[in-house]
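Taking it in order: structure first as structure tokens, then the write-up.
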Amino acid sequence: MNELAVYAVSCENSRGRELDEELPSGRSEFQRDRDRIIHSAAFRRLEYKTQVFVNHEGDLFRTRLTHSLEVAQIGRSIARNLGLNEDLVEAITLAHDLGHTPFGHAGQDALNECMREYGGFEHNLQSLRVVDVLEERYAAFDGLNLCYETREGILKHVSRKNAQKLGAVGERFLQRRRPSLEAQLANFADEIAYNNHDVDDGLRSGLITLGQLEGVAIFSHHLEQVKEKHPALPERRMVYETLRGMINTLVTDLIQQSTCNIKEAKVDSLATVHMAPPLIGFSQQIKKQQQELKKFLLDNLYRHFRVVRMSSKAHHTIEKLFTAFSSETKLLPTQYQKKFDQEGHQAIADYIAGMTDRYAIKEYQRLFAIVEN
Ligand code: MG
């Protein structure tokens with residue numbers, strides 16, 4: 001464990017767990033949170049959930065699981081350099097996507113539309129619901145009974161309406177207070193990871209080309225550097241070296257800029273972090289370059305017709321499943337029928353959100369295809 005800065009979250013200043021437990025031996029409270037997340041069923045399901053490309057499209061594309069591991073790696077590096085709590089960052093980053101539906105954002109949008117009359121569906125809130133309620137592993141409680149700070153970091157966004165129902169962890173959205181620096185940095189680690197791996201996956205899929213990316217400042221700058229140093233490098237390695245340079249630049253810039261922000265704001269405790277403006281961030285120049293890259297990915301990858309076609313099928317699948325279950329709840333597995341009696345349509349959302357891509361595809365066939373299965 002690195003030496004913690006005065007503004008870091010520590011086991012001493014932690015607000016603790018909802019249910020008190022005996023202190024862990026041989027590991028910190030936040031290591032215990034991380035371990036509980038890794039042992040959860042929802043974490044294992046991330047392996048078969050879409051990041052951008054649906055799982056069956058290829059073996060080398062990122063899944064939610066490999067994405068989460070990359071976010072954790074980047075997050076830990078930054079935390080160590082800033083004197084922040086690495087174990088907490090690791091727990092938050094590994095859990096940050098636990099509530100995602102199958103088929104990525106298309107699945108989430110579809111489920112949100114289906115749930116409109118019943119309170120909507122927010123994947124951040126669902127991630128919290130997974131660790132607070134849905135995991136069934138422990139004798140003494142539902143969920144994972146994680147520390148307040150881990151839960152605070154998982155709940156990146158939430159609507160005001162839902163924040164009011166969440167108790168302590170929802171308060172900061174109503175009072176406009178900032179979360180810990182560990183939570184703030186987890187968001188940036190997420191952004192650094194997906195911008196870079198989506199470039200990699202986009203190139204591998206052939207949906208975007210190196211030629212197109214030469215028009216994007218941050219990519220072309222690093223590509224030129226690699227070409228100068230290694231003119232004869234095969235293209236695939238050239239891409240890896242370019243992305244390696246980009247990640248390094250982004251991580252370094254984030255550490256430098258955040259260090260300045262923390263100094264300028266004279267933050268000297270965790271309490272002052274909550275009252276200060278957001279302190280983790282890129283320099284203006286890198287922020288602009290990141291925005292350019294994001295826009296490029298939106299226009300050329302996320303809106304590529306092949307991605308849009310897959311998203312449209314995903315939307316259709318989720319919508320059909322939801323409609324079938326809500327018009328005949330006896331189609332639900334028995335335990336979800338019982339949950340429906342208690343919680344209504346939220347039980348259907350929980351069932352669908354928990355599915356992996358391939359489970360959702362199979363369930364669709366089981367409901368709508370008259371074939372042996
Ligand atoms: Mg993510």
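By convention in this document, the chains of the structure tokens carry letters A, B, ... by their order, each chain's residues are numbered from 1, and ligands are numbered from 1 in the order they are shown.
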
Next item on the list: Write out as a VMD selection string the residues lying within 12 Å of A:Ala42, counting only C-alpha atoms and excluding same-chain residues fewer than 3 positions away.
Entry: chain A and resid 36 to 39 45 to 49 64 to 65 94 to 102 126 to 131 133 to 137 143 to 144 350 to 351 353 to 356

Margin query: Could you list, as number ranges by chain, all protein and nucleic acid residues with an atom at most 9 Å from ligand 1, counting only C-alpha atoms and all ligand atoms?
Written below: A: 51, 64, 67-68, 71, 93, 96-97, 187, 189-191, 193-194

Check: If we count only C-alpha atoms, what is near stretch 226-236 of chain A at a cut-off of 12 Å, once residues fewer than 5 positions away on the same chain are taken out, given as a ChimeraX atom specification?
Finding: /A:200-201,203-204,209-211,219-221,241-246

With N, CA, C and O atoms kept, could you save the residues just selected as a CSV table (one decimal), in the first residue's frame?
```
chain,number,residue,atom,x,y,z
A,200,ASP,N,-8.4,0.8,-30.7
A,200,ASP,CA,-7.8,-0.5,-31.0
A,200,ASP,C,-8.8,-1.5,-31.6
A,200,ASP,O,-8.6,-2.1,-32.6
A,201,ASP,N,-9.9,-1.7,-30.9
A,201,ASP,CA,-10.9,-2.6,-31.4
A,201,ASP,C,-11.5,-2.1,-32.7
A,201,ASP,O,-11.9,-2.9,-33.6
A,203,LEU,N,-10.0,-0.4,-35.1
A,203,LEU,CA,-9.1,-0.7,-36.1
A,203,LEU,C,-9.1,-2.2,-36.4
A,203,LEU,O,-9.1,-2.6,-37.6
A,204,ARG,N,-9.1,-3.0,-35.4
A,204,ARG,CA,-9.1,-4.4,-35.6
A,204,ARG,C,-10.3,-4.9,-36.4
A,204,ARG,O,-10.2,-5.8,-37.2
A,209,THR,N,-10.2,3.3,-39.9
A,209,THR,CA,-8.9,3.0,-40.5
A,209,THR,C,-7.8,3.9,-40.0
A,209,THR,O,-8.1,5.0,-39.4
A,210,LEU,N,-6.5,3.5,-40.2
A,210,LEU,CA,-5.4,4.3,-39.7
A,210,LEU,C,-5.5,5.7,-40.4
A,210,LEU,O,-5.2,6.7,-39.9
A,211,GLY,N,-5.8,5.6,-41.7
A,211,GLY,CA,-5.9,6.9,-42.5
A,211,GLY,C,-6.8,7.9,-41.9
A,211,GLY,O,-6.5,9.1,-41.8
A,219,PHE,N,-3.8,11.2,-31.8
A,219,PHE,CA,-3.4,9.9,-32.4
A,219,PHE,C,-2.2,10.2,-33.3
A,219,PHE,O,-1.2,9.5,-33.3
A,220,SER,N,-2.4,11.1,-34.2
A,220,SER,CA,-1.4,11.4,-35.3
A,220,SER,C,-0.1,11.8,-34.6
A,220,SER,O,1.0,11.4,-35.1
A,221,HIS,N,-0.2,12.6,-33.6
A,221,HIS,CA,1.1,13.0,-32.9
A,221,HIS,C,1.9,11.8,-32.4
A,221,HIS,O,3.1,11.7,-32.6
A,241,GLU,N,2.0,0.6,-30.1
A,241,GLU,CA,2.9,1.6,-29.6
A,241,GLU,C,2.3,3.0,-29.6
A,241,GLU,O,2.6,3.7,-28.6
A,242,THR,N,1.5,3.3,-30.5
A,242,THR,CA,0.8,4.6,-30.6
A,242,THR,C,-0.2,4.7,-29.4
A,242,THR,O,-0.1,5.7,-28.6
A,243,LEU,N,-0.9,3.6,-29.1
A,243,LEU,CA,-1.9,3.7,-28.0
A,243,LEU,C,-1.2,3.7,-26.7
A,243,LEU,O,-1.6,4.4,-25.7
A,244,ARG,N,0.0,3.0,-26.6
A,244,ARG,CA,0.8,3.0,-25.4
A,244,ARG,C,1.2,4.4,-25.1
A,244,ARG,O,1.1,4.9,-24.0
A,245,GLY,N,1.7,5.1,-26.1
A,245,GLY,CA,2.1,6.5,-26.0
A,245,GLY,C,1.0,7.4,-25.5
A,245,GLY,O,1.1,8.3,-24.7
A,246,MET,N,-0.2,7.2,-26.1
A,246,MET,CA,-1.4,8.0,-25.8
A,246,MET,C,-1.8,7.8,-24.4
A,246,MET,O,-2.0,8.8,-23.6
```

Item checked: Residue with smallest distance to A:Leu270 - pool A:Glu117, A:Glu292, A:Glu182, A:Asp341, counting only C-alpha atoms ->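 The answer is A:Glu182, which sits nearest to A:Leu270.
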
Note to self: Could you list, as a list of chain:residue names, every residue within 8 Å of A:Tyr336, counting only C-alpha atoms and ignoring same-chain residues fewer than 3 positions away?
What the structure shows: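 Everything that qualifies: A:Leu332, A:Pro333, A:Lys339, A:Phe340, A:Ala347, A:Ile348, A:Tyr351.
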
Next item on the list: Enumerate, as a PyMOL selection string, the complete set of residues in stretch 103-297 of chain A that a backbone-based DSSP assignment places in helix (DSSP H, G or I).
Entry: chain A and resi 104-114+116-118+123-134+148-154+160-163+167-175+181-205+210-213+217-229+235-264+270-275+284-297
